[in-house]
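A.B. asks: See query-v9.cif below, with mmCIF, C-alpha atoms.
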data_my_file
loop_
_atom_site.label_atom_id
_atom_site.label_comp_id
_atom_site.auth_asym_id
_atom_site.auth_seq_id
_atom_site.Cartn_x
_atom_site.Cartn_y
_atom_site.Cartn_z
CA MET A 1 216.10 282.60 132.99
CA LYS A 2 216.56 281.07 136.43
CA TYR A 3 213.92 283.37 137.90
CA LEU A 4 211.51 282.52 135.09
CA ARG A 5 211.80 278.80 135.91
CA VAL A 6 211.15 279.48 139.60
CA LEU A 7 208.09 281.58 138.70
CA LEU A 8 206.78 278.87 136.38
CA ALA A 9 207.30 276.18 139.08
CA LEU A 10 205.44 278.28 141.65
CA SER A 11 202.50 278.89 139.31
CA MET A 12 202.25 275.14 138.54
CA LEU A 13 202.31 274.39 142.26
CA PHE A 14 199.55 276.97 142.90
CA CYS A 15 197.37 275.56 140.09
CA GLY A 16 197.88 272.02 141.34
CA PHE A 17 196.50 272.83 144.80
CA SER A 18 193.49 274.79 143.57
CA GLY A 19 190.29 272.79 143.43
CA HIS A 20 187.27 273.09 141.21
CA ALA A 21 184.23 274.95 142.50
CA ARG A 22 181.66 272.47 143.70
CA ALA A 23 178.02 273.10 142.86
CA ASP A 24 175.69 273.00 145.83
CA GLY A 25 172.38 273.26 143.98
CA ILE A 26 171.86 276.97 144.73
CA ASP A 27 172.12 279.35 141.82
CA PHE A 28 170.32 282.69 142.07
CA ARG A 29 170.78 286.42 141.75
CA ALA A 30 169.17 288.99 144.05
CA THR A 31 169.06 292.76 143.83
CA VAL A 32 167.01 295.70 145.08
CA LEU A 33 165.62 298.04 142.43
CA ASP A 34 164.27 301.56 142.86
CA GLY A 35 161.15 301.50 140.72
CA PRO A 36 158.65 304.23 139.89
CA ASN A 37 155.65 305.09 142.03
CA GLN A 38 153.58 301.95 142.12
CA CYS A 39 149.94 301.90 143.13
CA LEU A 40 148.15 298.64 143.83
CA PRO A 41 145.72 297.62 141.06
CA ASP A 42 142.79 299.25 142.89
CA ASN A 43 144.81 302.45 143.61
CA THR A 44 144.00 302.27 147.34
CA ALA A 45 147.69 302.05 148.28
CA CYS A 46 150.85 303.38 146.65
CA PHE A 47 154.61 303.11 147.07
CA ILE A 48 155.85 306.67 146.59
CA HIS A 49 159.36 306.87 145.15
CA ASP A 50 159.19 310.07 143.11
CA PRO A 51 157.86 313.08 145.05
CA GLY A 52 157.03 314.93 141.82
CA GLU A 53 154.65 312.33 140.44
CA THR A 54 150.85 312.59 140.70
CA LEU A 55 149.20 309.58 142.35
CA THR A 56 145.86 308.11 141.31
CA VAL A 57 143.71 307.70 144.42
CA ARG A 58 140.71 305.53 145.25
CA LEU A 59 139.29 304.91 148.70
CA SER A 60 138.34 301.55 150.19
CA ALA A 61 137.39 300.28 153.64
CA ALA A 62 139.61 297.23 152.98
CA ALA A 63 142.66 299.53 152.72
CA CYS A 64 142.14 300.88 156.25
CA PRO A 65 144.57 299.52 158.86
CA THR A 66 143.44 297.67 161.96
CA GLY A 67 141.83 300.00 164.48
CA VAL A 68 140.35 302.40 161.94
CA SER A 69 136.56 302.21 161.86
CA ALA A 70 133.47 304.39 161.87
CA ASP A 71 129.71 304.10 162.47
CA GLY A 72 128.82 304.83 158.83
CA PRO A 73 130.55 304.15 155.53
CA PHE A 74 134.30 304.85 155.51
CA GLY A 75 137.36 304.31 153.38
CA CYS A 76 141.11 304.81 153.29
CA PHE A 77 144.05 305.39 150.98
CA VAL A 78 147.52 304.31 152.16
CA GLY A 79 150.78 305.82 150.93
CA ASP A 80 154.22 304.37 151.71
CA ASN A 81 156.89 307.11 151.72
CA LEU A 82 159.96 305.69 149.94
CA THR A 83 161.21 309.06 148.65
CA GLY A 84 164.13 309.34 151.06
CA LEU A 85 162.64 312.68 152.16
CA THR A 86 160.06 313.79 154.72
CA ILE A 87 156.59 314.42 153.28
CA THR A 88 155.49 317.80 154.64
CA SER A 89 152.19 318.17 152.77
CA ILE A 90 149.66 316.12 150.83
CA ASN A 91 147.05 317.60 148.49
CA PHE A 92 144.07 315.54 147.33
CA THR A 93 141.69 316.46 144.51
CA PHE A 94 138.46 314.49 144.05
CA THR A 95 136.37 315.32 140.99
CA GLY A 96 132.59 315.10 140.68
CA GLY A 97 130.59 312.14 141.90
CA PRO A 98 127.45 311.40 143.96
CA TYR A 99 128.84 313.49 146.84
CA GLU A 100 128.95 316.60 144.62
CA GLY A 101 127.46 319.62 146.37
CA GLN A 102 128.02 318.27 149.89
CA THR A 103 130.05 320.47 152.21
CA PRO A 104 133.47 318.95 152.98
CA SER A 105 134.65 318.82 156.57
CA CYS A 106 138.28 318.12 157.42
CA ASP A 107 140.12 318.09 160.73
CA SER A 108 143.32 316.94 162.41
CA ALA A 109 141.64 315.09 165.27
CA GLY A 110 142.82 311.61 164.28
CA GLN A 111 140.61 308.54 164.49
CA ASN A 112 140.04 305.97 167.27
CA GLY A 113 143.19 307.00 169.12
CA ILE A 114 145.34 307.11 165.97
CA PRO A 115 146.81 310.63 165.82
CA SER A 116 146.81 312.79 162.70
CA ALA A 117 150.10 313.27 160.85
CA PHE A 118 149.21 316.86 159.92
CA ASP A 119 147.74 319.75 161.89
CA VAL A 120 147.06 322.33 159.15
CA VAL A 121 144.04 321.23 157.17
CA THR A 122 141.96 323.03 154.55
CA CYS A 123 139.05 321.62 152.60
CA GLU A 124 137.07 323.40 149.95
CA LEU A 125 134.65 322.74 147.15
CA VAL A 126 135.84 324.45 143.96
CA GLY A 127 133.25 323.99 141.23
CA SER A 128 132.64 320.24 141.29
CA ASN A 129 136.09 319.42 142.74
CA TYR A 130 136.97 318.81 146.35
CA ILE A 131 140.43 320.21 147.17
CA LEU A 132 141.79 318.81 150.45
CA ASN A 133 145.16 320.07 151.72
CA PHE A 134 147.09 318.65 154.68
CA ALA A 135 150.36 320.09 156.04
CA GLY A 136 152.34 320.87 159.21
CA GLY A 137 152.49 318.72 162.32
CA LYS A 138 154.73 315.67 162.56
CA SER A 139 154.72 315.13 158.78
CA VAL A 140 155.56 311.71 157.28
CA PRO A 141 159.24 310.68 157.58
CA THR A 142 160.77 308.50 154.88
CA GLY A 143 160.15 304.79 155.34
CA THR A 144 156.77 305.32 157.04
CA ASP A 145 153.16 305.23 155.86
CA PHE A 146 150.31 307.69 155.92
CA VAL A 147 146.60 306.88 155.80
CA PHE A 148 144.01 309.18 154.27
CA PHE A 149 140.72 308.45 156.09
CA GLU A 150 137.20 309.42 154.99
CA GLU A 151 133.90 308.68 156.69
CA GLY A 152 130.26 309.48 156.01
CA ALA A 153 130.16 308.85 152.25
CA ASN A 154 130.57 305.77 150.10
CA PRO A 155 134.35 305.38 149.66
CA SER A 156 133.95 304.04 146.11
CA ASP A 157 132.63 307.46 145.10
CA PHE A 158 136.03 309.02 145.82
CA ILE A 159 138.28 308.83 142.79
CA GLY A 160 140.95 311.47 142.37
CA THR A 161 144.60 312.38 142.50
CA ALA A 162 147.16 313.28 145.13
CA THR A 163 150.40 315.23 145.09
CA ILE A 164 152.92 315.47 147.90
CA GLY A 165 155.29 318.15 149.11
CA VAL A 166 158.63 317.18 150.63
CA ALA A 167 161.15 318.89 152.89
CA THR A 168 164.11 320.40 151.08
CA PRO A 169 167.17 318.44 152.23
CA GLU A 170 169.84 320.45 154.02
CA PRO A 171 173.21 320.47 152.23
CA ASP A 172 175.88 318.33 153.84
CA SER A 173 178.34 320.36 155.94
CA VAL A 174 181.35 318.67 154.26
CA ILE A 175 180.04 319.73 150.85
CA LEU A 176 179.55 323.28 152.10
CA LEU A 177 183.06 323.38 153.58
CA SER A 178 184.71 321.95 150.45
CA THR A 179 182.79 324.37 148.24
CA GLY A 180 183.97 327.29 150.38
CA VAL A 181 187.61 326.12 150.30
CA MET A 182 187.43 325.61 146.52
CA MET A 183 186.00 329.10 145.98
CA ALA A 184 188.67 330.66 148.22
CA GLY A 185 191.36 328.81 146.26
CA LEU A 186 189.96 329.98 142.93
CA PHE A 187 189.79 333.55 144.20
CA ALA A 188 193.43 333.40 145.40
CA PHE A 189 194.51 331.91 142.05
CA TRP A 190 192.65 334.63 140.14
CA GLN A 191 194.22 337.36 142.31
CA ARG A 192 197.70 335.90 141.80
CA ARG A 193 197.28 335.72 138.02
CA ARG A 194 195.91 339.25 137.93
CA VAL A 195 198.94 340.55 139.83
CA SER A 196 201.37 338.63 137.59
CA PHE A 197 199.74 340.01 134.42
CA GLY A 198 199.95 343.54 135.83
CA ALA A 199 203.69 343.22 136.58
#
Can you give me the file's structure in the form of structure tokens?

C.D. replies:
Amino acid sequence: MKYLRVLLALSMLFCGFSGHARADGIDFRATVLDGPNQCLPDNTACFIHDPGETLTVRLSAAACPTGVSADGPFGCFVGDNLTGLTITSINFTFTGGPYEGQTPSCDSAGQNGIPSAFDVVTCELVGSNYILNFAGGKSVPTGTDFVFFEEGANPSDFIGTATIGVATPEPDSVILLSTGVMMAGLFAFWQRRRVSFGA
């Protein structure tokens, strides 16, 4: 009983010295959310979160970064890699349009001193679809942007889709080691039980 009175006295003393929280006029909550792929309303720029999702693509000269220009009409599409992985390939498909029947020409030469992110490029006209594939080279690390650049045709004529390929992440060495140790332990346990059943 004596100890209970001491405990009660200490708790009263603690409560007596505690003060009330004082409001300072600031009351907010902040968080960071991982949303889905989000293209701007005109589909000239996208935040890429899910590497398996197909992007809707439109080209616009206004989407081109500073330093990108050409003598004739030109346009760009900008993608922001937020996948957490390195983008190793990008495939664009543009369907039909006023440019239909024109021969596509693709390269990895860059533009106005801005280097290309990919060095393996194929472009082909399949029926009325342009299939443009970009791969190899430096690729696009997570947290960086890529710019698809077109010149020579009206950018508003280019409406299509894009898919990306990403590097397969290497398994963590600790996970590999722990998996190996676990499998060795299970094997030893199985051997021990087998021997004890045989005895």

A.B. asks: Pick from A:Gly137, A:Pro65, A:Gly96, A:Gly165: nearest to Ala109 of chain A, with only C-alpha atoms counted?

C.D. replies: A:Gly137

A.B. asks: Go through A:Phe149, A:Phe158, A:Phe134, A:Trp190 one by one, measure the shortest atom-to-atom distance of each to Thr56 of chain A using all atoms listed in the file, and give the residue with the smallest value.

C.D. replies: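 Checking each candidate against Thr56 of chain A, we get A:Phe158 as the closest.
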
A.B. asks: I'd like to see the residues matched by the PyMOL selection byres ((chain A and resi 166) around 10) on this file, and ideally I'd get them as a list in words.

C.D. replies: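 Taken over the shown coordinates, the PyMOL selection byres ((chain A and resi 166) around 10) returns Pro51, Gly52, Thr83, Gly84, Leu85, Thr86, Ile87, Thr88, Ser89, Ile90, Ser139, Val140, Pro141, Thr142, Ile164, Gly165, Ala167, Thr168 and Pro169 of chain A.
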
A.B. asks: Considering all atoms listed in the file, can you say which of A:Ala63, A:Ala45, A:Leu125, A:Ala135 comes closest to Ser108 of chain A?

C.D. replies: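 Using all atoms listed in the file, the shortest distance to Ser108 of chain A belongs to A:Ala135.
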
A.B. asks: Which residues are near Val126 of chain A? Cut-off 12 Å, all atoms listed in the file, ignore same chain within fewer than 4 positions. Put them as a PyMOL selection string.

C.D. replies: chain A and resi 93-96+100-104+130-132

A.B. asks: Could you check how far atom CA of Thr66 of chain A sits from atom CA of Cys39 of chain A, in Å to one decimal?

C.D. replies: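 Distance reported for this atom pair: 20.4 Å.
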
A.B. asks: Using only C-alpha atoms, which of the listed residues (A:Ser60, A:Ser105, A:Thr144, A:Gln111) sits closest to Asp42 of chain A?

C.D. replies: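 Result for the nearest residue to Asp42 of chain A: A:Ser60.
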
A.B. asks: What is the atom CA of Gly75 of chain A-atom CA of Asp157 of chain A distance in Å, reported with one decimal?

C.D. replies: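 Calculated distance between atom CA of Gly75 of chain A and atom CA of Asp157 of chain A is 10.0 Å.
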
A.B. asks: How far is it from atom CA of Gly127 of chain A to atom CA of Thr161 of chain A, in Å with one decimal?

C.D. replies: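 According to the coordinates, atom CA of Gly127 of chain A and atom CA of Thr161 of chain A are separated by 16.3 Å.
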
A.B. asks: Is it possible to get the residues within 10 Å of (143.0, 303.7, 162.1) (coordinates as in the file, counting all atoms listed in the file) written as a ChimeraX atom specification?

C.D. replies: /A:64-70,76,110-116,147-149

A.B. asks: Could you check which of A:Asp50, A:Ala117, A:Glu150, A:Gln38 is closest to Asp71 of chain A, using all atoms listed in the file?

C.D. replies: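 Of the candidates, the smallest distance to Asp71 of chain A is held by A:Glu150.
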
A.B. asks: Name the residues in contact with Asn91 of chain A at a cut-off of 6 Å, using all atoms listed in the file, excluding same-chain residues fewer than 6 positions from it; report them as a ChimeraX atom specification.

C.D. replies: /A:132-133,162-163

A.B. asks: So, with all atoms listed in the file as the atoms that count, which of A:Ala153, A:Val57, A:Cys106, A:Met183 lies closest to Pro41 of chain A?

C.D. replies: A:Val57

A.B. asks: Give me, as a list of chain:residue names, all polymer residues having an atom no more than 10 Å from Asn37 of chain A, counting only C-alpha atoms and skipping those fewer than 2 positions away in the same chain.

C.D. replies: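 These residues fall inside the cut-off: A:Asp34, A:Gly35, A:Cys39, A:Cys46, A:Phe47, A:Ile48, A:His49, A:Asp50, A:Pro51, A:Gly52, A:Glu53, A:Thr54, A:Leu55, A:Asp80, A:Asn81, A:Leu82, A:Thr83.
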